[in-house]
>>> print(open('data_23.cif').read())   # mmCIF, C-alpha atoms and all ligand atoms
data_entry
#
loop_
_atom_site.group_PDB
_atom_site.id
_atom_site.type_symbol
_atom_site.label_atom_id
_atom_site.label_comp_id
_atom_site.auth_asym_id
_atom_site.auth_seq_id
_atom_site.Cartn_x
_atom_site.Cartn_y
_atom_site.Cartn_z
ATOM 1 C CA MET A 10 -13.908 11.743 -26.390
ATOM 2 C CA ASP A 11 -10.180 12.314 -26.307
ATOM 3 C CA GLU A 12 -7.846 9.416 -27.039
ATOM 4 C CA ALA A 13 -6.627 7.514 -23.970
ATOM 5 C CA VAL A 14 -3.476 5.568 -23.163
ATOM 6 C CA LYS A 15 -4.700 2.197 -21.904
ATOM 7 C CA PHE A 16 -3.306 -0.523 -19.694
ATOM 8 C CA HIS A 17 -4.996 -3.830 -18.976
ATOM 9 C CA PHE A 18 -4.190 -6.351 -16.249
ATOM 10 C CA VAL A 19 -5.535 -9.726 -15.215
ATOM 11 C CA VAL A 20 -5.488 -10.115 -11.436
ATOM 12 C CA ASP A 21 -4.912 -13.698 -10.338
ATOM 13 C CA GLY A 22 -7.267 -14.651 -7.529
ATOM 14 C CA ASN A 23 -5.388 -17.725 -6.379
ATOM 15 C CA ASP A 24 -2.183 -16.101 -5.299
ATOM 16 C CA PHE A 25 -2.168 -13.633 -2.428
ATOM 17 C CA THR A 26 1.602 -13.189 -2.714
ATOM 18 C CA SER A 27 1.384 -11.794 -6.229
ATOM 19 C CA ALA A 28 -1.567 -9.491 -5.458
ATOM 20 C CA GLY A 29 -0.553 -5.910 -6.109
ATOM 21 C CA GLN A 30 1.719 -6.638 -9.054
ATOM 22 C CA ALA A 31 -0.539 -4.726 -11.425
ATOM 23 C CA SER A 32 -0.362 -1.685 -9.160
ATOM 24 C CA VAL A 33 3.428 -1.877 -8.985
ATOM 25 C CA GLN A 34 3.466 -2.033 -12.786
ATOM 26 C CA ILE A 35 1.081 0.892 -13.241
ATOM 27 C CA LYS A 36 3.271 2.950 -10.944
ATOM 28 C CA LYS A 37 6.203 2.338 -13.288
ATOM 29 C CA ASN A 38 4.101 3.101 -16.367
ATOM 30 C CA LEU A 39 2.825 6.389 -14.956
ATOM 31 C CA ARG A 40 6.342 7.391 -14.003
ATOM 32 C CA GLN A 41 7.476 6.748 -17.569
ATOM 33 C CA LEU A 42 4.646 8.938 -18.814
ATOM 34 C CA GLY A 43 5.932 11.759 -16.617
ATOM 35 C CA ILE A 44 2.854 11.976 -14.361
ATOM 36 C CA ALA A 45 3.369 13.945 -11.114
ATOM 37 C CA PRO A 46 4.452 11.835 -8.086
ATOM 38 C CA GLU A 47 1.456 12.827 -5.879
ATOM 39 C CA ILE A 48 -0.915 11.727 -8.646
ATOM 40 C CA ILE A 49 0.968 8.472 -9.122
ATOM 41 C CA ARG A 50 0.749 7.792 -5.407
ATOM 42 C CA LYS A 51 -3.009 8.359 -5.328
ATOM 43 C CA VAL A 52 -3.644 6.165 -8.357
ATOM 44 C CA SER A 53 -1.417 3.358 -7.189
ATOM 45 C CA ILE A 54 -2.759 3.251 -3.623
ATOM 46 C CA ALA A 55 -6.376 3.240 -4.833
ATOM 47 C CA MET A 56 -5.655 0.556 -7.407
ATOM 48 C CA TYR A 57 -3.647 -1.510 -4.935
ATOM 49 C CA GLU A 58 -6.521 -1.549 -2.431
ATOM 50 C CA GLY A 59 -8.905 -2.549 -5.215
ATOM 51 C CA GLU A 60 -6.561 -5.225 -6.464
ATOM 52 C CA ILE A 61 -6.158 -6.726 -2.982
ATOM 53 C CA ASN A 62 -9.937 -6.657 -2.543
ATOM 54 C CA MET A 63 -10.451 -8.586 -5.787
ATOM 55 C CA VAL A 64 -7.998 -11.239 -4.611
ATOM 56 C CA ILE A 65 -9.305 -11.489 -1.049
ATOM 57 C CA HIS A 66 -13.027 -11.111 -1.630
ATOM 58 C CA ALA A 67 -13.736 -11.967 -5.264
ATOM 59 C CA GLY A 68 -11.347 -14.665 -6.491
ATOM 60 C CA GLY A 69 -9.515 -12.267 -8.796
ATOM 61 C CA GLY A 70 -10.617 -10.015 -11.632
ATOM 62 C CA GLU A 71 -9.408 -7.487 -14.155
ATOM 63 C CA ALA A 72 -8.025 -3.984 -13.953
ATOM 64 C CA ASP A 73 -8.038 -1.312 -16.641
ATOM 65 C CA VAL A 74 -6.291 2.000 -16.364
ATOM 66 C CA LEU A 75 -7.101 4.736 -18.881
ATOM 67 C CA ILE A 76 -5.042 7.874 -19.018
ATOM 68 C CA TYR A 77 -6.722 10.890 -20.598
ATOM 69 C CA GLU A 78 -5.402 14.384 -20.951
ATOM 70 C CA ASN A 79 -7.216 15.647 -17.862
ATOM 71 C CA ARG A 80 -7.762 12.517 -15.743
ATOM 72 C CA ILE A 81 -6.846 8.921 -14.999
ATOM 73 C CA GLU A 82 -9.561 6.288 -14.750
ATOM 74 C CA ILE A 83 -9.167 2.981 -12.951
ATOM 75 C CA ILE A 84 -11.758 0.316 -13.628
ATOM 76 C CA LEU A 85 -11.817 -2.904 -11.610
ATOM 77 C CA THR A 86 -14.163 -5.701 -12.553
ATOM 78 C CA ASP A 87 -14.703 -9.096 -10.989
ATOM 79 C CA ASN A 88 -17.156 -11.969 -11.064
ATOM 80 C CA GLY A 89 -17.025 -12.481 -7.322
ATOM 81 C CA PRO A 90 -19.876 -12.652 -4.796
ATOM 82 C CA GLY A 91 -20.720 -8.958 -5.081
ATOM 83 C CA ILE A 92 -21.241 -6.536 -2.208
ATOM 84 C CA ALA A 93 -24.545 -6.975 -0.387
ATOM 85 C CA ASN A 94 -24.673 -3.523 1.199
ATOM 86 C CA ILE A 95 -22.442 -0.928 -0.428
ATOM 87 C CA ASP A 96 -23.116 1.811 2.164
ATOM 88 C CA LEU A 97 -22.071 -0.555 4.922
ATOM 89 C CA ALA A 98 -19.005 -1.757 3.007
ATOM 90 C CA MET A 99 -17.911 1.881 2.575
ATOM 91 C CA GLN A 100 -17.811 2.467 6.340
ATOM 92 C CA GLU A 101 -14.376 2.552 7.939
ATOM 93 C CA GLY A 102 -13.865 -0.618 9.933
ATOM 94 C CA PHE A 103 -16.461 -2.761 8.165
ATOM 95 C CA SER A 104 -14.936 -5.995 6.955
ATOM 96 C CA THR A 105 -16.054 -9.528 6.247
ATOM 97 C CA ALA A 106 -12.451 -10.737 5.939
ATOM 98 C CA PRO A 107 -11.761 -13.954 7.860
ATOM 99 C CA ASP A 108 -9.045 -14.230 10.530
ATOM 100 C CA ASN A 109 -6.479 -15.779 8.189
ATOM 101 C CA ILE A 110 -6.666 -12.639 6.015
ATOM 102 C CA ARG A 111 -6.277 -10.444 9.082
ATOM 103 C CA SER A 112 -3.098 -12.274 10.003
ATOM 104 C CA LEU A 113 -1.798 -11.328 6.529
ATOM 105 C CA GLY A 114 -2.247 -7.644 7.339
ATOM 106 C CA PHE A 115 -5.605 -7.009 5.664
ATOM 107 C CA GLY A 116 -9.198 -6.896 6.832
ATOM 108 C CA ALA A 117 -9.182 -3.605 8.735
ATOM 109 C CA GLY A 118 -12.151 -2.414 6.698
ATOM 110 C CA MET A 119 -10.146 0.533 5.421
ATOM 111 C CA GLY A 120 -9.660 -0.368 1.753
ATOM 112 C CA LEU A 121 -12.816 1.048 0.173
ATOM 113 C CA PRO A 122 -12.676 4.243 2.315
ATOM 114 C CA ASN A 123 -9.033 4.654 1.237
ATOM 115 C CA MET A 124 -10.013 4.243 -2.415
ATOM 116 C CA LYS A 125 -12.552 7.021 -1.970
ATOM 117 C CA ARG A 126 -10.086 9.203 -0.068
ATOM 118 C CA TYR A 127 -7.406 9.049 -2.759
ATOM 119 C CA THR A 128 -9.611 9.546 -5.800
ATOM 120 C CA ASP A 129 -11.746 12.432 -7.020
ATOM 121 C CA ALA A 130 -14.698 10.232 -7.965
ATOM 122 C CA MET A 131 -15.618 6.646 -7.262
ATOM 123 C CA GLN A 132 -18.552 4.540 -8.307
ATOM 124 C CA ILE A 133 -19.376 1.014 -7.184
ATOM 125 C CA ASP A 134 -21.762 -1.148 -9.184
ATOM 126 C CA SER A 135 -22.300 -4.500 -7.594
ATOM 127 C CA THR A 136 -24.810 -7.272 -8.065
ATOM 128 C CA PHE A 137 -25.011 -9.643 -5.147
ATOM 129 C CA GLY A 138 -24.003 -13.084 -6.363
ATOM 130 C CA LYS A 139 -22.729 -11.806 -9.734
ATOM 131 C CA GLY A 140 -19.816 -9.458 -9.342
ATOM 132 C CA THR A 141 -18.540 -5.972 -8.779
ATOM 133 C CA ARG A 142 -17.364 -3.102 -10.961
ATOM 134 C CA ILE A 143 -15.588 -0.186 -9.359
ATOM 135 C CA SER A 144 -14.542 2.842 -11.340
ATOM 136 C CA MET A 145 -12.375 5.555 -9.907
ATOM 137 C CA THR A 146 -11.177 8.859 -11.364
ATOM 138 C CA VAL A 147 -8.168 10.923 -10.407
ATOM 139 C CA ASN A 148 -8.079 14.368 -12.009
ATOM 140 C CA LEU A 149 -4.839 15.591 -13.518
ATOM 141 C CA MET B 14 16.208 11.855 11.100
ATOM 142 C CA LYS B 15 18.659 9.885 8.993
ATOM 143 C CA ILE B 16 18.103 6.184 8.340
ATOM 144 C CA ALA B 17 21.501 5.584 9.950
ATOM 145 C CA GLN B 18 20.197 7.081 13.197
ATOM 146 C CA ILE B 19 17.131 4.832 13.107
ATOM 147 C CA LYS B 20 19.463 1.882 12.777
ATOM 148 C CA GLU B 21 21.437 3.083 15.834
ATOM 149 C CA LEU B 22 18.414 3.825 17.986
ATOM 150 C CA LEU B 23 16.780 0.505 17.241
ATOM 151 C CA ASP B 24 20.015 -1.441 17.371
ATOM 152 C CA ALA B 25 18.983 -2.807 14.009
ATOM 153 C CA GLU B 26 20.653 -4.880 11.354
ATOM 154 C CA ILE B 27 20.450 -3.766 7.716
ATOM 155 C CA VAL B 28 18.992 -6.370 5.363
ATOM 156 C CA CYS B 29 19.324 -4.322 2.198
ATOM 157 C CA GLY B 30 19.959 -0.758 1.111
ATOM 158 C CA GLU B 31 23.263 -0.226 2.980
ATOM 159 C CA ASP B 32 24.104 2.560 0.540
ATOM 160 C CA MET B 33 21.043 4.634 1.466
ATOM 161 C CA LEU B 34 21.618 5.176 5.181
ATOM 162 C CA GLU B 35 22.200 8.890 4.724
ATOM 163 C CA ARG B 36 18.685 9.430 3.438
ATOM 164 C CA GLU B 37 16.340 11.527 5.568
ATOM 165 C CA VAL B 38 13.115 10.223 7.067
ATOM 166 C CA TYR B 39 10.443 12.733 8.124
ATOM 167 C CA SER B 40 7.739 10.566 9.632
ATOM 168 C CA ALA B 41 7.005 7.091 10.885
ATOM 169 C CA CYS B 42 4.153 4.714 11.350
ATOM 170 C CA GLY B 43 3.936 1.401 13.103
ATOM 171 C CA SER B 44 1.239 -1.100 12.210
ATOM 172 C CA ASP B 45 0.540 -4.662 11.166
ATOM 173 C CA MET B 46 -2.563 -3.670 9.218
ATOM 174 C CA MET B 47 -1.612 -2.525 5.740
ATOM 175 C CA SER B 48 -4.799 -0.608 4.974
ATOM 176 C CA ASP B 49 -4.274 1.394 8.156
ATOM 177 C CA VAL B 50 -0.834 2.265 6.856
ATOM 178 C CA LEU B 51 -2.278 3.133 3.440
ATOM 179 C CA ALA B 52 -4.734 5.547 5.046
ATOM 180 C CA TYR B 53 -2.054 8.032 6.115
ATOM 181 C CA VAL B 54 0.321 9.245 3.461
ATOM 182 C CA LYS B 55 3.343 11.114 4.746
ATOM 183 C CA ASP B 56 6.456 12.084 2.838
ATOM 184 C CA GLN B 57 9.602 10.023 3.205
ATOM 185 C CA ALA B 58 8.239 7.800 5.918
ATOM 186 C CA VAL B 59 9.543 4.731 7.668
ATOM 187 C CA LEU B 60 7.239 1.783 8.372
ATOM 188 C CA LEU B 61 7.658 -0.292 11.522
ATOM 189 C CA THR B 62 5.908 -3.637 11.385
ATOM 190 C CA GLY B 63 5.860 -7.131 12.805
ATOM 191 C CA LEU B 64 4.233 -8.502 9.686
ATOM 192 C CA VAL B 65 6.317 -10.380 7.151
ATOM 193 C CA ASN B 66 4.941 -10.906 3.642
ATOM 194 C CA THR B 67 5.345 -9.394 0.188
ATOM 195 C CA GLN B 68 2.392 -7.069 0.708
ATOM 196 C CA VAL B 69 4.303 -5.166 3.381
ATOM 197 C CA VAL B 70 6.921 -4.207 0.802
ATOM 198 C CA ARG B 71 4.306 -3.453 -1.878
ATOM 199 C CA THR B 72 2.447 -1.235 0.586
ATOM 200 C CA ALA B 73 5.637 0.702 1.299
ATOM 201 C CA VAL B 74 6.332 0.978 -2.437
ATOM 202 C CA MET B 75 2.818 2.324 -3.098
ATOM 203 C CA MET B 76 3.341 4.958 -0.397
ATOM 204 C CA ASP B 77 6.803 5.982 -1.645
ATOM 205 C CA MET B 78 8.233 5.085 1.757
ATOM 206 C CA VAL B 79 11.992 4.949 2.189
ATOM 207 C CA CYS B 80 12.527 2.305 4.860
ATOM 208 C CA ILE B 81 10.884 -0.671 6.592
ATOM 209 C CA VAL B 82 11.884 -1.843 10.058
ATOM 210 C CA PHE B 83 10.860 -5.373 11.003
ATOM 211 C CA VAL B 84 10.454 -5.559 14.753
ATOM 212 C CA ARG B 85 10.886 -8.614 16.974
ATOM 213 C CA SER B 86 13.682 -9.872 14.699
ATOM 214 C CA LYS B 87 11.315 -10.848 11.908
ATOM 215 C CA VAL B 88 13.230 -11.878 8.797
ATOM 216 C CA PRO B 89 11.988 -10.770 5.368
ATOM 217 C CA THR B 90 11.857 -13.373 2.599
ATOM 218 C CA GLU B 91 14.125 -13.318 -0.425
ATOM 219 C CA GLU B 92 11.261 -12.167 -2.634
ATOM 220 C CA MET B 93 10.651 -9.226 -0.295
ATOM 221 C CA VAL B 94 14.318 -8.273 -0.339
ATOM 222 C CA GLU B 95 14.368 -8.416 -4.119
ATOM 223 C CA LEU B 96 11.296 -6.194 -4.416
ATOM 224 C CA ALA B 97 12.795 -3.754 -1.919
ATOM 225 C CA ARG B 98 16.091 -3.594 -3.837
ATOM 226 C CA GLU B 99 14.244 -3.000 -7.087
ATOM 227 C CA SER B 100 12.319 -0.126 -5.491
ATOM 228 C CA GLY B 101 15.192 1.473 -3.586
ATOM 229 C CA LEU B 102 13.844 0.690 -0.119
ATOM 230 C CA VAL B 103 15.981 0.096 2.952
ATOM 231 C CA LEU B 104 15.015 -2.996 4.971
ATOM 232 C CA MET B 105 16.255 -3.557 8.505
ATOM 233 C CA LYS B 106 15.402 -5.811 11.421
ATOM 234 C CA SER B 107 15.446 -4.974 15.094
ATOM 235 C CA ARG B 108 15.043 -7.167 18.182
ATOM 236 C CA LYS B 109 12.909 -4.509 19.806
ATOM 237 C CA ARG B 110 9.166 -4.893 20.108
ATOM 238 C CA MET B 111 6.808 -2.514 18.315
ATOM 239 C CA TYR B 112 5.990 -0.369 21.343
ATOM 240 C CA GLU B 113 9.586 0.227 22.309
ATOM 241 C CA ALA B 114 10.753 0.754 18.732
ATOM 242 C CA CYS B 115 8.085 3.418 18.099
ATOM 243 C CA GLY B 116 8.792 5.022 21.475
ATOM 244 C CA LYS B 117 12.508 5.291 20.778
ATOM 245 C CA LEU B 118 12.002 7.023 17.443
ATOM 246 C CA TYR B 119 9.253 9.259 18.779
ATOM 247 C CA SER B 120 11.251 10.408 21.784
ATOM 248 C CA HIS B 121 14.204 11.183 19.553
ATOM 249 C CA GLY B 122 12.238 13.640 17.527
ATOM 250 C CA LEU B 123 10.553 11.630 14.803
ATOM 251 C CA ASN B 124 7.238 13.129 15.843
ATOM 252 C CA GLU B 125 6.649 16.549 14.308
ATOM 253 C CA ASN B 126 4.586 15.519 11.314
ATOM 254 C CA GLY B 127 4.829 11.838 11.941
ATOM 255 C CA ASN B 128 2.226 9.667 13.488
ATOM 256 C CA CYS B 129 3.430 6.626 15.246
ATOM 257 C CA TYR B 130 0.529 4.355 15.928
ATOM 258 C CA GLY B 131 -0.357 0.701 16.120
HETATM 259 N N1 LIG C 1 -14.474 -6.843 -4.988
HETATM 260 C C1 LIG C 1 -15.235 -7.187 -3.931
HETATM 261 N N2 LIG C 1 -16.098 -8.238 -4.037
HETATM 262 C C2 LIG C 1 -16.884 -8.582 -2.984
HETATM 263 N N3 LIG C 1 -16.880 -7.957 -1.793
HETATM 264 C C3 LIG C 1 -16.046 -6.915 -1.633
HETATM 265 C C4 LIG C 1 -15.180 -6.479 -2.675
HETATM 266 N N4 LIG C 1 -14.488 -5.412 -2.221
HETATM 267 C C5 LIG C 1 -14.878 -5.205 -0.955
HETATM 268 N N5 LIG C 1 -15.823 -6.104 -0.587
HETATM 269 C C6 LIG C 1 -16.551 -6.163 0.699
HETATM 270 O O1 LIG C 1 -16.494 -4.903 1.335
HETATM 271 C C7 LIG C 1 -15.864 -5.031 2.617
HETATM 272 C C8 LIG C 1 -15.055 -3.780 2.916
HETATM 273 O O2 LIG C 1 -13.954 -3.684 1.996
HETATM 274 P P1 LIG C 1 -12.668 -2.896 2.447
HETATM 275 O O3 LIG C 1 -11.669 -2.970 1.365
HETATM 276 O O4 LIG C 1 -13.056 -1.535 2.919
HETATM 277 O O5 LIG C 1 -12.157 -3.694 3.730
HETATM 278 P P2 LIG C 1 -11.409 -5.089 3.798
HETATM 279 O O6 LIG C 1 -10.928 -5.492 2.450
HETATM 280 O O7 LIG C 1 -12.282 -6.055 4.494
HETATM 281 O O8 LIG C 1 -10.188 -4.732 4.743
HETATM 282 P P3 LIG C 1 -8.903 -3.836 4.329
HETATM 283 O O9 LIG C 1 -9.186 -3.231 3.020
HETATM 284 O O10 LIG C 1 -8.767 -2.852 5.427
HETATM 285 O O11 LIG C 1 -7.768 -4.776 4.274
HETATM 286 C C9 LIG C 1 -15.048 -6.298 2.537
HETATM 287 O O12 LIG C 1 -14.779 -6.872 3.804
HETATM 288 C C10 LIG C 1 -15.952 -7.170 1.678
HETATM 289 O O13 LIG C 1 -17.019 -7.716 2.438
HETATM 290 MG MG MG C 2 -9.812 -4.117 1.307
#
>>> encode(input="data_23.cif", output="structure tokens", more="lines below")
Ligand SMILES: Nc1ncnc2c1ncn2[C@@H]1O[C@H](COP(=O)(O)OP(=O)(O)OP(=O)(O)O)[C@@H](O)[C@H]1O
Ligand SMILES: [Mg+2]
Amino acid sequence: MDEAVKFHFVVDGNDFTSAGQASVQIKKNLRQLGIAPEIIRKVSIAMYEGEINMVIHAGGGEADVLIYENRIEIILTDNGPGIANIDLAMQEGFSTAPDNIRSLGFGAGMGLPNMKRYTDAMQIDSTFGKGTRISMTVNL
Amino acid sequence: MKIAQIKELLDAEIVCGEDMLEREVYSACGSDMMSDVLAYVKDQAVLLTGLVNTQVVRTAVMMDMVCIVFVRSKVPTEEMVELARESGLVLMKSRKRMYEACGKLYSHGLNENGNCYG
């Protein structure tokens, strides 16, 4: 395995206002590393959606970003309630978000489909009642 | 379309980014649902929204947008303004409602590659 540049973030689940800070930071980091703007945009949108999901649906979690020579990997892990039906959750428009979240601008059921759209590979491992791990890859 | 023209058309007031009014905008989208916005990446876009919270600015930052218009005279918070300044985003507020604001921009040519929805 080639050596990776790594970034680690703790995503606070109690503060909706600060959700997305890790994604803003990773955007800066990738820019400093000289990664192409279209790649940065894909990575940051996918991570942002995942970060918001961890805050809204899972009480927070952790994010790791690994930059290899030929790809960027984003790994999001949480100890939230898990996703009961992953196929259903992946459908555009499916959301269990309550009304108060919708009034904050989220809960359209577009986050997971967006994460898939902007990445080259995505895998969801979720145990109902235990937590969720989502790994995404963007090729360079 | 220049940001200055958007300001004119929408009779808007600049909240921050006065020095960037000459920048070009190529597309627009209007929505209060951030994941809907995040689904359609366009270059140098303007976001029209009636939603006011930090995530609106973060969403625009993630998308490399250049400008956010708050419709119905919504006022962004200080934290939002700070984040926008840091990221080089223009913020403005207009008294117009979403439908009219989108219609104005669309009918003045911000439609070629843009999608104005919501
Ligand atoms: N980390 C997670 N832990 C538990 N459930 C999740 C998690 N991420 C997503 N889900 C579930 O999958 C559903 C679909 O997620 P998705 O991100 O597509 O939509 P949303 O978050 O509800 O709305 P949007 O992303 O459009 O704001 C969520 O409503 C939720 O039930
Ligand atoms: Mg989501």
>>> closest_atom_pairs(input="data_23.cif", of="chain B", to="ligand LIG 1 (chain C)", cutoff="12 Å", atoms="only C-alpha atoms and all ligand atoms", output="tab-separated table")
residue	atom	partner	partner_atom	distance
B:Asp45	CA	C:LIG1	O11	10.8
B:Met46	CA	C:LIG1	O11	7.3
B:Met47	CA	C:LIG1	O11	6.7
B:Ser48	CA	C:LIG1	O10	4.6
B:Asp49	CA	C:LIG1	O10	6.8
B:Val50	CA	C:LIG1	O10	9.5
B:Leu51	CA	C:LIG1	O10	9.0
B:Ala52	CA	C:LIG1	O10	9.3
B:Gln68	CA	C:LIG1	O11	11.0
B:Thr72	CA	C:LIG1	O11	11.4
>>> interface_residues(input="data_23.cif", of="chain A", to="chain B", cutoff="10 Å", atoms="all atoms listed in the file", output="PDB file with C-alpha atoms, in the coordinates of the input")
ATOM      1  CA  PHE A  25      -2.168 -13.633  -2.428  1.00  0.00           C
ATOM      2  CA  THR A  26       1.602 -13.189  -2.714  1.00  0.00           C
ATOM      3  CA  SER A  27       1.384 -11.794  -6.229  1.00  0.00           C
ATOM      4  CA  ALA A  28      -1.567  -9.491  -5.458  1.00  0.00           C
ATOM      5  CA  GLY A  29      -0.553  -5.910  -6.109  1.00  0.00           C
ATOM      6  CA  GLN A  30       1.719  -6.638  -9.054  1.00  0.00           C
ATOM      7  CA  SER A  32      -0.362  -1.685  -9.160  1.00  0.00           C
ATOM      8  CA  VAL A  33       3.428  -1.877  -8.985  1.00  0.00           C
ATOM      9  CA  LYS A  36       3.271   2.950 -10.944  1.00  0.00           C
ATOM     10  CA  PRO A  46       4.452  11.835  -8.086  1.00  0.00           C
ATOM     11  CA  GLU A  47       1.456  12.827  -5.879  1.00  0.00           C
ATOM     12  CA  ILE A  49       0.968   8.472  -9.122  1.00  0.00           C
ATOM     13  CA  ARG A  50       0.749   7.792  -5.407  1.00  0.00           C
ATOM     14  CA  LYS A  51      -3.009   8.359  -5.328  1.00  0.00           C
ATOM     15  CA  VAL A  52      -3.644   6.165  -8.357  1.00  0.00           C
ATOM     16  CA  SER A  53      -1.417   3.358  -7.189  1.00  0.00           C
ATOM     17  CA  ILE A  54      -2.759   3.251  -3.623  1.00  0.00           C
ATOM     18  CA  ALA A  55      -6.376   3.240  -4.833  1.00  0.00           C
ATOM     19  CA  MET A  56      -5.655   0.556  -7.407  1.00  0.00           C
ATOM     20  CA  TYR A  57      -3.647  -1.510  -4.935  1.00  0.00           C
ATOM     21  CA  GLU A  58      -6.521  -1.549  -2.431  1.00  0.00           C
ATOM     22  CA  ILE A  61      -6.158  -6.726  -2.982  1.00  0.00           C
ATOM     23  CA  GLY A 102     -13.865  -0.618   9.933  1.00  0.00           C
ATOM     24  CA  ARG A 111      -6.277 -10.444   9.082  1.00  0.00           C
ATOM     25  CA  SER A 112      -3.098 -12.274  10.003  1.00  0.00           C
ATOM     26  CA  LEU A 113      -1.798 -11.328   6.529  1.00  0.00           C
ATOM     27  CA  GLY A 114      -2.247  -7.644   7.339  1.00  0.00           C
ATOM     28  CA  PHE A 115      -5.605  -7.009   5.664  1.00  0.00           C
ATOM     29  CA  GLY A 116      -9.198  -6.896   6.832  1.00  0.00           C
ATOM     30  CA  ALA A 117      -9.182  -3.605   8.735  1.00  0.00           C
ATOM     31  CA  GLY A 118     -12.151  -2.414   6.698  1.00  0.00           C
ATOM     32  CA  MET A 119     -10.146   0.533   5.421  1.00  0.00           C
ATOM     33  CA  GLY A 120      -9.660  -0.368   1.753  1.00  0.00           C
ATOM     34  CA  LEU A 121     -12.816   1.048   0.173  1.00  0.00           C
ATOM     35  CA  PRO A 122     -12.676   4.243   2.315  1.00  0.00           C
ATOM     36  CA  ASN A 123      -9.033   4.654   1.237  1.00  0.00           C
ATOM     37  CA  MET A 124     -10.013   4.243  -2.415  1.00  0.00           C
ATOM     38  CA  ARG A 126     -10.086   9.203  -0.068  1.00  0.00           C
ATOM     39  CA  TYR A 127      -7.406   9.049  -2.759  1.00  0.00           C
TER      40      TYR A 127
END
>>> resolve_selection(input="data_23.cif", expression="the PyMOL selection byres (((chain B and resi 32) around 12) and not hetatm)", output="PyMOL selection string")
chain B and resi 16-17+27-31+33-36+98+101-104
>>> residues_near_point(input="data_23.cif", point="(10.1, 1.6, 17.1)", cutoff="10 Å", atoms="all atoms listed in the file", output="VMD selection string")
chain B and resid 19 22 to 23 41 to 43 59 to 62 82 to 84 107 109 to 119 129
>>> atom_distance(input="data_23.cif", atom1="CA of Arg108 (chain B)", atom2="CA of Gln57 (chain B)")
23.4 Å
>>> residues_around(input="data_23.cif", residues="Ile48 (chain A)", least_positions_apart="5", cutoff="9 Å", atoms="all atoms listed in the file", output="list in words")
Ser53, Val147, Asn148 and Leu149 of chain A
>>> atom_distance(input="data_23.cif", atom1="CA of Thr86 (chain A)", atom2="CA of Gly59 (chain A)")
9.6 Å
>>> atom_distance(input="data_23.cif", atom1="CA of Phe137 (chain A)", atom2="CA of Pro107 (chain A)")
19.1 Å
>>> residues_around(input="data_23.cif", residues="Met131 (chain A)", least_positions_apart="2", cutoff="7 Å", atoms="all atoms listed in the file", output="PyMOL selection string")
chain A and resi 125+128-129+133+144-146
>>> closest_residue(input="data_23.cif", among="A:His17, A:Glu78, A:Ala98, A:Lys139", to="Asn62 (chain A)", atoms="all atoms listed in the file")
A:Ala98
>>> closest_residue(input="data_23.cif", among="A:Ile110, A:Met99, A:Ala72, A:Leu39", to="Asp87 (chain A)", atoms="only C-alpha atoms")
A:Ala72
